[in-house]
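J.: Below is the file coords17.cif, which contains mmCIF, C-alpha atoms.
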data_my_file
loop_
_atom_site.label_atom_id
_atom_site.label_comp_id
_atom_site.auth_asym_id
_atom_site.auth_seq_id
_atom_site.Cartn_x
_atom_site.Cartn_y
_atom_site.Cartn_z
CA MET A 1 125.91 109.06 105.73
CA GLY A 2 129.18 110.72 104.77
CA THR A 3 131.48 111.94 107.47
CA ASN A 4 131.99 115.34 105.91
CA ALA A 5 130.29 117.93 103.75
CA ALA A 6 132.13 116.89 100.59
CA ASP A 7 130.91 113.29 100.95
CA ASP A 8 127.35 114.46 101.57
CA HIS A 9 127.50 116.60 98.45
CA ALA A 10 128.79 113.68 96.38
CA GLN A 11 126.00 111.45 97.68
CA LEU A 12 123.42 114.11 96.77
CA ARG A 13 124.75 114.28 93.21
CA TYR A 14 124.97 110.50 92.95
CA VAL A 15 121.37 109.97 94.09
CA THR A 16 120.19 112.81 91.83
CA ARG A 17 121.82 111.07 88.86
CA LEU A 18 119.99 107.84 89.62
CA GLY A 19 116.73 109.71 90.09
CA ASP A 20 117.13 111.75 86.91
CA ASN A 21 118.02 108.66 84.86
CA ALA A 22 114.79 107.02 85.98
CA LEU A 23 112.70 110.17 85.51
CA VAL A 24 113.99 111.09 82.05
CA LEU A 25 113.84 107.55 80.67
CA GLY A 26 110.40 107.10 82.25
CA GLN A 27 109.23 110.27 80.49
CA ARG A 28 110.70 109.08 77.16
CA LEU A 29 108.95 105.73 77.44
CA ALA A 30 105.70 107.45 78.38
CA GLU A 31 105.76 109.06 74.91
CA TRP A 32 104.76 105.63 73.56
CA CYS A 33 101.56 105.66 75.62
CA GLY A 34 98.76 105.29 73.06
CA HIS A 35 101.30 104.91 70.22
CA GLY A 36 102.80 101.49 70.96
CA PRO A 37 103.28 99.14 67.99
CA ALA A 38 100.75 96.73 69.54
CA LEU A 39 98.35 97.04 72.45
CA GLU A 40 100.38 94.58 74.55
CA GLU A 41 103.57 96.55 73.98
CA ASP A 42 101.80 99.81 74.72
CA LEU A 43 100.85 98.32 78.10
CA ALA A 44 104.33 96.91 78.67
CA LEU A 45 106.07 100.22 78.03
CA THR A 46 103.57 102.14 80.10
CA ASN A 47 104.14 99.73 82.97
CA ILE A 48 107.92 100.02 82.64
CA ALA A 49 107.64 103.82 82.50
CA LEU A 50 105.50 103.69 85.63
CA ASP A 51 108.13 101.62 87.45
CA LEU A 52 110.81 104.12 86.47
CA ILE A 53 108.74 107.11 87.53
CA GLY A 54 108.04 105.32 90.83
CA GLN A 55 111.79 104.85 91.31
CA ALA A 56 112.38 108.49 90.38
CA ARG A 57 109.91 109.65 93.04
CA LEU A 58 111.69 107.66 95.74
CA LEU A 59 115.15 108.72 94.60
CA LEU A 60 114.35 112.40 94.16
CA SER A 61 112.54 112.51 97.53
CA HIS A 62 115.72 111.11 99.02
CA ALA A 63 117.81 113.67 97.11
CA GLY A 64 115.56 116.42 98.47
CA ARG A 65 116.17 115.23 102.02
CA LEU A 66 119.94 114.99 101.44
CA GLU A 67 119.91 118.49 100.02
CA GLY A 68 118.07 119.79 103.09
CA ARG A 69 116.50 122.81 101.39
CA GLY A 70 112.93 121.61 101.69
CA ARG A 71 112.51 120.56 98.06
CA ASP A 72 110.36 117.48 97.46
CA GLU A 73 110.38 115.20 94.41
CA ASP A 74 107.92 117.42 92.53
CA ALA A 75 110.03 120.53 93.10
CA LEU A 76 113.07 118.69 91.78
CA ALA A 77 111.28 117.17 88.79
CA TYR A 78 109.33 120.22 87.66
CA PHE A 79 111.30 123.25 88.77
CA ARG A 80 114.89 122.51 87.87
CA ALA A 81 116.43 123.72 84.65
CA GLU A 82 118.26 121.60 82.10
CA PRO A 83 121.83 122.00 83.47
CA GLU A 84 120.62 120.87 86.91
CA PHE A 85 119.52 117.50 85.52
CA LEU A 86 122.25 114.87 85.97
CA ASN A 87 120.94 111.97 83.89
CA TRP A 88 123.11 110.03 81.47
CA THR A 89 122.72 111.37 77.95
CA LEU A 90 121.67 107.85 76.88
CA THR A 91 118.37 108.25 78.72
CA GLU A 92 117.40 111.54 77.05
CA LEU A 93 117.96 110.51 73.42
CA PRO A 94 114.77 110.41 71.34
CA ASN A 95 112.82 107.21 70.73
CA GLY A 96 114.10 106.85 67.18
CA VAL A 97 116.80 107.72 64.71
CA GLY A 98 116.25 110.98 62.89
CA LYS A 99 112.65 112.12 62.63
CA HIS A 100 110.90 108.81 63.05
CA ASP A 101 110.25 106.85 66.22
CA ASP A 102 111.73 103.40 65.96
CA TYR A 103 110.76 100.67 68.38
CA ALA A 104 114.18 99.07 67.91
CA VAL A 105 115.83 102.15 69.46
CA THR A 106 113.47 102.07 72.44
CA ILE A 107 114.14 98.36 72.96
CA ALA A 108 117.92 98.64 72.49
CA ARG A 109 118.11 101.56 74.93
CA ASN A 110 116.00 99.75 77.54
CA PHE A 111 118.24 96.74 77.08
CA LEU A 112 121.54 98.62 77.48
CA PHE A 113 120.15 100.57 80.44
CA SER A 114 118.54 97.70 82.36
CA ALA A 115 121.54 95.41 81.71
CA LEU A 116 123.46 97.86 83.89
CA MET A 117 120.72 98.73 86.37
CA ALA A 118 120.07 95.08 87.31
CA PRO A 119 123.60 94.48 88.67
CA LEU A 120 123.95 98.09 89.88
CA TRP A 121 120.77 97.93 92.01
CA GLU A 122 121.90 94.55 93.28
CA ALA A 123 125.17 96.12 94.48
CA LEU A 124 123.41 99.22 95.83
CA ALA A 125 121.16 97.06 97.99
CA ARG A 126 124.27 96.83 100.22
CA SER A 127 124.82 100.61 100.33
CA ARG A 128 125.60 102.20 103.70
CA ASP A 129 123.01 104.81 102.76
CA GLU A 130 120.06 102.90 104.21
CA THR A 131 117.38 104.71 102.25
CA LEU A 132 119.22 104.09 98.99
CA ALA A 133 119.72 100.44 99.94
CA GLN A 134 115.96 100.05 100.47
CA ILE A 135 115.13 101.72 97.16
CA ALA A 136 117.69 99.45 95.47
CA ALA A 137 116.24 96.27 96.99
CA LYS A 138 112.88 97.27 95.54
CA SER A 139 114.17 98.47 92.17
CA VAL A 140 116.31 95.42 91.43
CA LYS A 141 113.21 93.30 90.88
CA GLU A 142 111.83 95.86 88.47
CA ALA A 143 115.14 96.18 86.58
CA HIS A 144 115.25 92.41 86.07
CA SER A 145 111.75 92.40 84.61
CA HIS A 146 112.61 95.37 82.34
CA LEU A 147 115.72 93.51 81.21
CA ARG A 148 113.69 90.39 80.40
CA HIS A 149 111.28 92.43 78.29
CA ALA A 150 113.97 94.31 76.35
CA ARG A 151 116.18 91.26 75.86
CA ASP A 152 113.27 89.21 74.56
CA TRP A 153 112.49 91.78 71.87
CA LEU A 154 116.13 92.44 71.00
CA VAL A 155 116.58 88.73 70.23
CA ARG A 156 113.36 88.65 68.18
CA PHE A 157 114.43 91.72 66.19
CA GLY A 158 118.02 90.61 65.67
CA ASP A 159 117.16 87.05 64.76
CA GLY A 160 114.03 88.13 62.85
CA THR A 161 113.45 89.54 59.40
CA ASP A 162 116.05 91.42 57.34
CA GLU A 163 114.32 94.68 58.17
CA SER A 164 114.00 94.06 61.93
CA ARG A 165 117.63 92.94 62.03
CA ARG A 166 118.82 96.00 60.11
CA ARG A 167 116.97 98.33 62.44
CA ALA A 168 118.10 96.54 65.61
CA GLN A 169 121.72 96.78 64.50
CA ARG A 170 121.30 100.45 63.55
CA ALA A 171 119.73 101.14 66.97
CA LEU A 172 122.65 99.48 68.77
CA ASP A 173 125.22 101.30 66.63
CA THR A 174 123.47 104.63 67.31
CA LEU A 175 123.23 104.17 71.08
CA TRP A 176 126.52 102.39 71.75
CA PRO A 177 128.77 105.48 71.95
CA TYR A 178 126.56 106.86 74.74
CA THR A 179 127.38 103.88 76.97
CA ASN A 180 130.92 105.25 77.44
CA GLU A 181 129.51 107.78 79.90
CA LEU A 182 128.41 104.91 82.14
CA TRP A 183 132.02 103.78 82.63
CA ASP A 184 133.54 107.25 82.98
CA VAL A 185 134.36 107.27 86.70
CA ASP A 186 134.45 110.79 88.12
CA ASP A 187 134.98 112.44 91.53
CA VAL A 188 131.36 111.92 92.57
CA GLU A 189 131.52 108.17 91.94
CA ARG A 190 134.94 107.84 93.55
CA ALA A 191 133.72 109.64 96.70
CA VAL A 192 130.52 107.60 97.16
CA ALA A 193 132.34 104.34 96.41
CA ALA A 194 134.99 105.19 99.03
CA ALA A 195 132.29 106.06 101.56
CA GLY A 196 130.42 102.82 100.86
CA THR A 197 127.23 104.75 100.12
CA GLY A 198 127.33 104.32 96.34
CA VAL A 199 128.75 102.11 93.62
CA ALA A 200 130.59 103.28 90.51
CA PRO A 201 128.69 101.85 87.52
CA ALA A 202 132.10 100.97 86.03
CA SER A 203 132.47 98.28 88.69
CA CYS A 204 129.43 96.54 87.13
CA ARG A 205 130.92 96.64 83.64
CA ASP A 206 131.93 92.96 83.59
CA ALA A 207 128.41 91.92 84.57
CA TRP A 208 127.02 94.26 81.89
CA ASN A 209 129.37 92.85 79.25
CA ALA A 210 128.31 89.30 80.08
CA ILE A 211 124.61 90.14 79.79
CA VAL A 212 125.11 92.15 76.58
CA ASP A 213 127.38 89.65 74.80
CA ASP A 214 125.11 86.75 75.69
CA ALA A 215 122.06 88.53 74.28
CA LEU A 216 123.83 89.81 71.16
CA ALA A 217 125.06 86.30 70.37
CA GLN A 218 121.55 84.91 70.62
CA ALA A 219 120.19 87.84 68.60
CA THR A 220 122.91 87.33 65.95
CA LEU A 221 123.74 91.04 66.26
CA ALA A 222 127.26 92.47 66.11
CA ARG A 223 128.72 94.21 69.15
CA PRO A 224 129.45 97.76 67.93
CA ARG A 225 133.05 98.94 68.04
CA ASP A 226 134.02 101.14 70.96
CA SER A 227 134.66 104.81 70.30
CA GLU A 228 136.37 107.64 72.15
CA PHE A 229 133.28 109.85 72.47
CA VAL A 230 132.08 110.39 76.04
CA SER A 231 128.77 112.16 76.65
CA THR A 232 128.42 114.42 79.69
CA GLY A 233 124.78 114.34 80.82
CA LYS A 234 125.66 113.24 84.35
CA ARG A 235 127.66 116.45 84.75
CA GLY A 236 124.66 118.53 83.63
CA VAL A 237 125.96 119.16 80.11
CA HIS A 238 123.27 117.79 77.83
CA GLY A 239 122.54 117.27 74.16
CA GLU A 240 119.87 119.15 72.23
CA HIS A 241 117.06 116.74 73.17
CA LEU A 242 116.63 117.14 76.93
CA GLY A 243 115.26 120.70 76.76
CA TYR A 244 112.28 119.64 74.65
CA LEU A 245 111.56 116.70 76.93
CA LEU A 246 111.63 118.92 80.03
CA ALA A 247 109.51 121.60 78.36
CA GLU A 248 106.76 119.07 77.80
CA MET A 249 107.13 117.41 81.20
CA GLN A 250 107.30 120.66 83.19
CA SER A 251 104.88 122.92 81.34
CA LEU A 252 101.75 122.00 83.30
CA ALA A 253 103.41 122.28 86.72
CA ARG A 254 104.97 125.62 85.76
CA ALA A 255 101.76 127.05 84.31
CA HIS A 256 99.80 126.06 87.41
CA PRO A 257 102.26 125.86 90.33
CA GLY A 258 100.85 123.88 93.22
CA ALA A 259 97.86 122.70 91.18
CA ARG A 260 96.10 119.62 92.58
CA TRP A 261 93.41 117.34 91.29
CA MET B 1 110.60 102.90 122.39
CA THR B 2 110.87 101.05 125.69
CA PRO B 3 108.14 98.45 125.85
CA ALA B 4 106.01 98.95 128.92
CA ALA B 5 103.92 96.07 130.23
CA PRO B 6 100.82 96.15 128.00
CA ARG B 7 97.64 97.08 129.74
CA PRO B 8 94.48 95.20 128.73
CA ALA B 9 93.02 98.46 127.41
CA ASP B 10 95.98 98.76 124.99
CA ASP B 11 95.36 95.26 123.69
CA ALA B 12 91.72 96.05 123.03
CA ARG B 13 92.69 99.23 121.18
CA LEU B 14 95.21 97.37 119.04
CA GLU B 15 92.70 94.64 118.25
CA ARG B 16 90.17 97.27 117.17
CA ALA B 17 92.74 98.93 114.94
CA ARG B 18 93.81 95.58 113.50
CA ALA B 19 90.24 94.61 112.72
CA ALA B 20 89.67 97.96 110.97
CA VAL B 21 92.76 97.57 108.81
CA ALA B 22 92.09 93.88 108.13
CA ALA B 23 88.76 94.80 106.51
CA VAL B 24 90.26 97.19 103.93
CA PRO B 25 89.97 95.73 100.43
CA ASP B 26 92.58 96.18 97.73
CA PRO B 27 91.35 99.03 95.50
CA GLU B 28 92.19 97.18 92.26
CA ILE B 29 91.13 93.68 93.32
CA PRO B 30 88.43 94.30 95.95
CA VAL B 31 87.81 90.58 96.49
CA VAL B 32 90.99 90.38 98.57
CA THR B 33 92.09 92.58 101.45
CA LEU B 34 95.37 94.43 101.77
CA THR B 35 96.26 92.03 104.58
CA ASP B 36 95.54 89.03 102.27
CA LEU B 37 98.02 90.42 99.76
CA GLY B 38 100.72 90.94 102.37
CA ILE B 39 100.75 94.71 101.85
CA VAL B 40 100.16 95.44 105.58
CA ARG B 41 103.51 94.69 107.20
CA ASP B 42 103.03 95.90 110.74
CA LEU B 43 100.54 97.52 113.09
CA ARG B 44 101.63 98.75 116.48
CA GLU B 45 101.20 101.56 118.96
CA GLU B 46 103.88 104.19 119.45
CA ASP B 47 103.39 106.86 122.13
CA GLY B 48 99.65 106.36 122.11
CA ARG B 49 99.39 106.54 118.33
CA ILE B 50 98.55 103.69 115.95
CA VAL B 51 101.34 103.16 113.42
CA VAL B 52 100.74 101.05 110.30
CA GLU B 53 103.46 100.05 107.87
CA LEU B 54 102.52 99.26 104.29
CA THR B 55 104.76 98.04 101.51
CA PRO B 56 104.05 99.00 97.90
CA THR B 57 103.73 96.17 95.38
CA TYR B 58 105.51 98.01 92.55
CA THR B 59 107.20 101.37 93.17
CA GLY B 60 105.09 103.11 90.55
CA CYS B 61 101.84 101.34 91.40
CA PRO B 62 99.23 104.12 91.26
CA ALA B 63 97.15 102.27 93.86
CA THR B 64 99.71 102.93 96.61
CA GLY B 65 98.35 106.43 97.30
CA VAL B 66 94.76 105.16 97.37
CA ILE B 67 95.72 102.27 99.64
CA ARG B 68 97.34 104.64 102.11
CA ARG B 69 94.26 106.85 102.16
CA ASP B 70 91.89 103.87 102.53
CA VAL B 71 93.84 102.58 105.55
CA ARG B 72 93.91 106.04 107.11
CA ASP B 73 90.15 106.41 106.54
CA ALA B 74 89.43 102.97 108.01
CA LEU B 75 91.42 103.79 111.14
CA ALA B 76 89.76 107.18 111.46
CA GLY B 77 86.38 105.43 111.23
CA ALA B 78 87.44 103.09 114.03
CA GLY B 79 88.34 106.01 116.29
CA PHE B 80 91.99 106.55 115.39
CA PRO B 81 92.00 109.86 113.51
CA ASP B 82 95.70 110.48 114.18
CA ALA B 83 96.97 107.10 112.93
CA ASP B 84 100.33 107.26 111.20
CA VAL B 85 100.28 105.24 107.95
CA ARG B 86 103.80 104.73 106.66
CA VAL B 87 105.14 103.20 103.48
CA THR B 88 108.19 100.99 103.94
CA LEU B 89 110.27 99.54 101.11
CA SER B 90 112.25 96.90 102.91
CA PRO B 91 111.86 93.99 102.81
CA ALA B 92 110.54 94.39 99.27
CA TRP B 93 107.04 93.05 98.70
CA THR B 94 106.77 89.66 97.06
CA THR B 95 103.85 87.55 95.84
CA ASP B 96 105.16 84.84 98.19
CA TRP B 97 103.28 86.73 100.92
CA ILE B 98 99.94 85.97 99.30
CA GLY B 99 98.44 83.20 101.43
CA ALA B 100 96.46 80.14 100.33
CA ASP B 101 93.13 81.73 101.33
CA ALA B 102 93.85 84.78 99.25
CA ALA B 103 94.92 82.60 96.31
CA ALA B 104 91.56 80.81 96.46
CA LYS B 105 89.71 84.14 96.56
CA LEU B 106 91.67 85.39 93.54
CA ARG B 107 90.88 82.22 91.60
CA ALA B 108 87.17 82.50 92.39
CA TYR B 109 87.30 86.10 91.14
CA GLY B 110 88.78 84.98 87.80
CA ILE B 111 92.44 85.84 88.46
CA ALA B 112 94.95 83.01 88.41
CA PRO B 113 97.14 83.31 91.54
CA PRO B 114 100.95 83.08 91.30
CA ALA B 115 101.83 79.53 90.26
CA HIS B 116 105.22 79.39 91.94
CA ALA B 117 107.50 81.22 94.36
CA ALA B 118 109.14 84.41 93.15
CA ALA B 119 112.79 84.16 92.09
CA PRO B 120 115.11 85.79 94.62
CA ALA B 121 115.92 89.29 93.41
CA THR B 122 119.64 88.69 93.72
CA SER B 123 119.78 85.42 91.78
CA PRO B 124 122.45 85.45 89.08
CA LEU B 125 121.25 86.21 85.59
CA ARG B 126 121.03 83.02 83.60
CA PHE B 127 119.80 82.87 80.08
CA VAL B 128 120.60 79.26 79.29
CA ALA B 129 117.66 77.03 78.51
CA ARG B 130 116.09 75.61 81.63
CA ALA B 131 112.83 74.00 82.59
CA ALA B 132 110.07 76.56 82.31
CA PRO B 133 108.51 77.39 85.70
CA PRO B 134 104.97 76.09 86.14
CA GLY B 135 102.40 78.30 84.48
CA PRO B 136 98.96 79.23 85.78
CA ALA B 137 95.90 77.03 85.46
CA CYS B 138 92.78 78.57 83.95
CA PRO B 139 90.80 80.04 86.87
CA ARG B 140 87.52 79.28 85.07
CA CYS B 141 87.83 75.66 83.88
CA GLY B 142 91.02 74.64 85.68
CA GLY B 143 92.65 73.67 82.39
CA ALA B 144 96.45 73.65 82.20
CA ASP B 145 96.63 74.27 78.43
CA VAL B 146 97.07 78.04 78.52
CA GLU B 147 99.04 80.59 76.51
CA ARG B 148 100.45 83.97 77.42
CA ILE B 149 99.03 86.85 75.41
CA SER B 150 101.03 89.59 77.13
CA GLU B 151 103.40 89.74 80.10
CA HIS B 152 101.83 93.09 80.98
CA GLY B 153 98.12 93.33 81.64
CA SER B 154 95.53 95.56 83.22
CA THR B 155 97.71 96.41 86.25
CA PRO B 156 101.49 96.24 86.84
CA CYS B 157 101.12 93.02 88.84
CA LYS B 158 99.18 91.01 86.26
CA ALA B 159 99.83 89.32 82.91
CA LEU B 160 97.21 88.44 80.31
CA TYR B 161 96.65 84.77 79.43
CA ARG B 162 94.20 82.75 77.39
CA CYS B 163 92.91 79.25 78.10
CA ARG B 164 93.06 77.00 75.03
CA GLY B 165 90.48 74.70 76.65
CA CYS B 166 87.58 77.06 77.35
CA LEU B 167 88.98 79.80 75.06
CA GLU B 168 88.48 82.49 77.72
CA PRO B 169 91.14 85.11 78.42
CA PHE B 170 92.15 85.63 82.05
CA ASP B 171 94.45 87.70 84.27
CA TYR B 172 97.45 86.08 85.93
CA PHE B 173 98.96 87.50 89.11
CA LYS B 174 102.66 87.23 88.19
CA PRO B 175 105.08 85.66 90.68
CA TYR B 176 107.17 88.65 91.74
#
Turn this file's structure into structure tokens for me.
T.:
Amino acid sequence: MGTNAADDHAQLRYVTRLGDNALVLGQRLAEWCGHGPALEEDLALTNIALDLIGQARLLLSHAGRLEGRGRDEDALAYFRAEPEFLNWTLTELPNGVGKHDDYAVTIARNFLFSALMAPLWEALARSRDETLAQIAAKSVKEAHSHLRHARDWLVRFGDGTDESRRRAQRALDTLWPYTNELWDVDDVERAVAAAGTGVAPASCRDAWNAIVDDALAQATLARPRDSEFVSTGKRGVHGEHLGYLLAEMQSLARAHPGARW
Amino acid sequence: MTPAAPRPADDARLERARAAVAAVPDPEIPVVTLTDLGIVRDLREEDGRIVVELTPTYTGCPATGVIRRDVRDALAGAGFPDADVRVTLSPAWTTDWIGADAAAKLRAYGIAPPAHAAAPATSPLRFVARAAPPGPACPRCGGADVERISEHGSTPCKALYRCRGCLEPFDYFKPY
């Protein structure tokens, strides 16, 4: 692990980000459980959500050990407040545009997210943080299967009917500005990259671009124009949506602390 | 730990522990054992205590907790109440560890076993057209004319297929 306290702190924040990304997106996807557009897709999303929540458990357990204050994954998931969550804003956005859930948004988000996580986990499998390397070696297989699922639907939507194409393009245009946060290298990412314990997502940007451009071409969708906006979820400064998500996710654990069944 | 010359009594203990663990069925697919599926990675003795290492199939697989408990219970029943059952992530579990015997048991149970080796996790992403990997054969009639209904099925490790020959749906254990 890091040679000094500052490095250890950076690694804690880095691992917490990865864990919170998986947890928050897993929770978002779980909202489709019982509401999927088709039974097969309901199962697919529930399975993907389960993978992400499994990853979150491993990552947050690791974060708890790095922190050294005796908090386990449940304590971190259920008893932290909004500003302590370090997920990318992309993962907390609702499953639709405006009031209505839209499957195109869910698919486009899973696509943009897993197109980064596949190469990022691949790189993290070589982390000098052995626990993180093991989690990465396991998660990379899952990220590839999530990417296959999302890419498959993105192509069907884009190269589908006028309506599916319109909604797929709208979903991409809506989510695209939130990908800037992925490439916004900060002190935490610089420190873990220098220590060899983490990888700045920005170093996977070429791989991400290749995956994204290839899929968009096949889907006949336009790559949205880049903008200046940079969201700040990974620094704990969130949009208006995360609080509602956490309220639902945490209410049971907070009403009945320590409850078991 | 420093390996001491094994005493015969140790060997007998280890064999007893191994036999207990080898009999534990998978909770989701009870026709095969955890050992058949390659989930049991190691069994050894450390400082007089039996240590078992298991590897989860998928990180979120809800059966992992049950599997751990079942192994602990089996060892307790065989006289090892203090066995240490650990979950290890590396090397990551793959369907390539499912042996031929287990594949035959799965088929007899109505689940098509993985039809080919899993792709290495670190293979480059390629989306150009290529020959499709071999698909499963129908576990009921053996027919090769099958179609995929859903990549995700009743558990994270299975997909749902249908045989166009005998018209029966079946589960497929995905190469992973």
J.: Going by the chain IDs and residue numbers used in this file, which residues fall under the PyMOL selection byres ((chain B) within 6 of (chain A))? Write them as a list in words.
T.: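 With the shown file as input, the PyMOL selection byres ((chain B) within 6 of (chain A)) matches Thr59, Gly60, Leu89, Ser90, Ala92, Ala121, Ser150, His152 and Pro156 of chain B.
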J.: Take the PyMOL selection byres ((chain B and resi 136) around 12), run it mentally on this structure, and tell me the resulting residues as number ranges by chain.
T.: B: 103, 107, 110-116, 132-135, 137-148, 158-163, 170-175
J.: Taking the file as shown, find all residues satisfying the PyMOL selection byres ((chain A and resi 93) around 10) and write them as a ChimeraX atom specification.
T.: /A:24-25,28,88-92,94-97,105-106,109,175,178,239-242,245
J.: Step by step: start from the point (128.2, 100.1, 87.9) in the file's coordinates, keep every protein, DNA or RNA residue that has an atom no farther than 9 Å from it, count all atoms listed in the file, and write the set as a list in words.
T.: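 Collected hits near the coordinates: Leu116, Met117, Pro119, Leu120, Trp121, Ala123, Leu182, Trp183, Val199, Ala200, Pro201, Ala202, Ser203, Cys204, Arg205, Ala207 and Trp208 of chain A.
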J.: Can you list, as a VMD selection string, every protein, DNA or RNA residue that comes within 7 Å of range 75-78 of chain B when you count all atoms listed in the file, leaving out same-chain residues fewer than 6 positions away?
T.: chain B and resid 17 20 to 21
J.: With distances taken over all atoms listed in the file, which residue among A:Asp7, A:Glu181, A:Glu82, A:Asp152 lies nearest Asp20 in chain A?
T.: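 So, comparing all the options, the nearest one is A:Glu82.
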J.: How far is it from CA of Val85 in chain B to CA of Asn21 in chain A, in Å with one decimal?
T.: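 Taking CA of Val85 in chain B and CA of Asn21 in chain A, their separation equals 29.3 Å.
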J.: Grab the CA of Ala247 in chain A to CA of Ile107 in chain A distance for me, in Å with one decimal place.
T.: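 So the two atoms, CA of Ala247 in chain A and CA of Ile107 in chain A, lie 24.3 Å apart.
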J.: Would you mind reading off the distance between CA of Cys166 in chain B and CA of Tyr109 in chain B, one decimal, in Å?
T.: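 Separating CA of Cys166 in chain B from CA of Tyr109 in chain B is a distance of 16.5 Å.
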J.: Check the smallest atom-to-atom distance from each of B:Leu14, B:Leu106, B:Ala63, B:Ala118 to Ile39 in chain B using all atoms listed in the file, then report the winner.
T.: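 Between B:Leu14, B:Leu106, B:Ala63, B:Ala118, the residue approaching Ile39 in chain B most closely is B:Ala63.
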J.: For Met249 in chain A, please output as a tab-separated table (two decimals) with C-alpha atoms, in the coordinates of the input all residues within 9 Å (counting all atoms listed in the file; exclusion window: fewer than 4 positions along the same chain).
T.:
chain	number	residue	atom	x	y	z
A	27	GLN	CA	109.23	110.27	80.49
A	77	ALA	CA	111.28	117.17	88.79
A	78	TYR	CA	109.33	120.22	87.66
A	244	TYR	CA	112.28	119.64	74.65
A	245	LEU	CA	111.56	116.70	76.93
A	253	ALA	CA	103.41	122.28	86.72
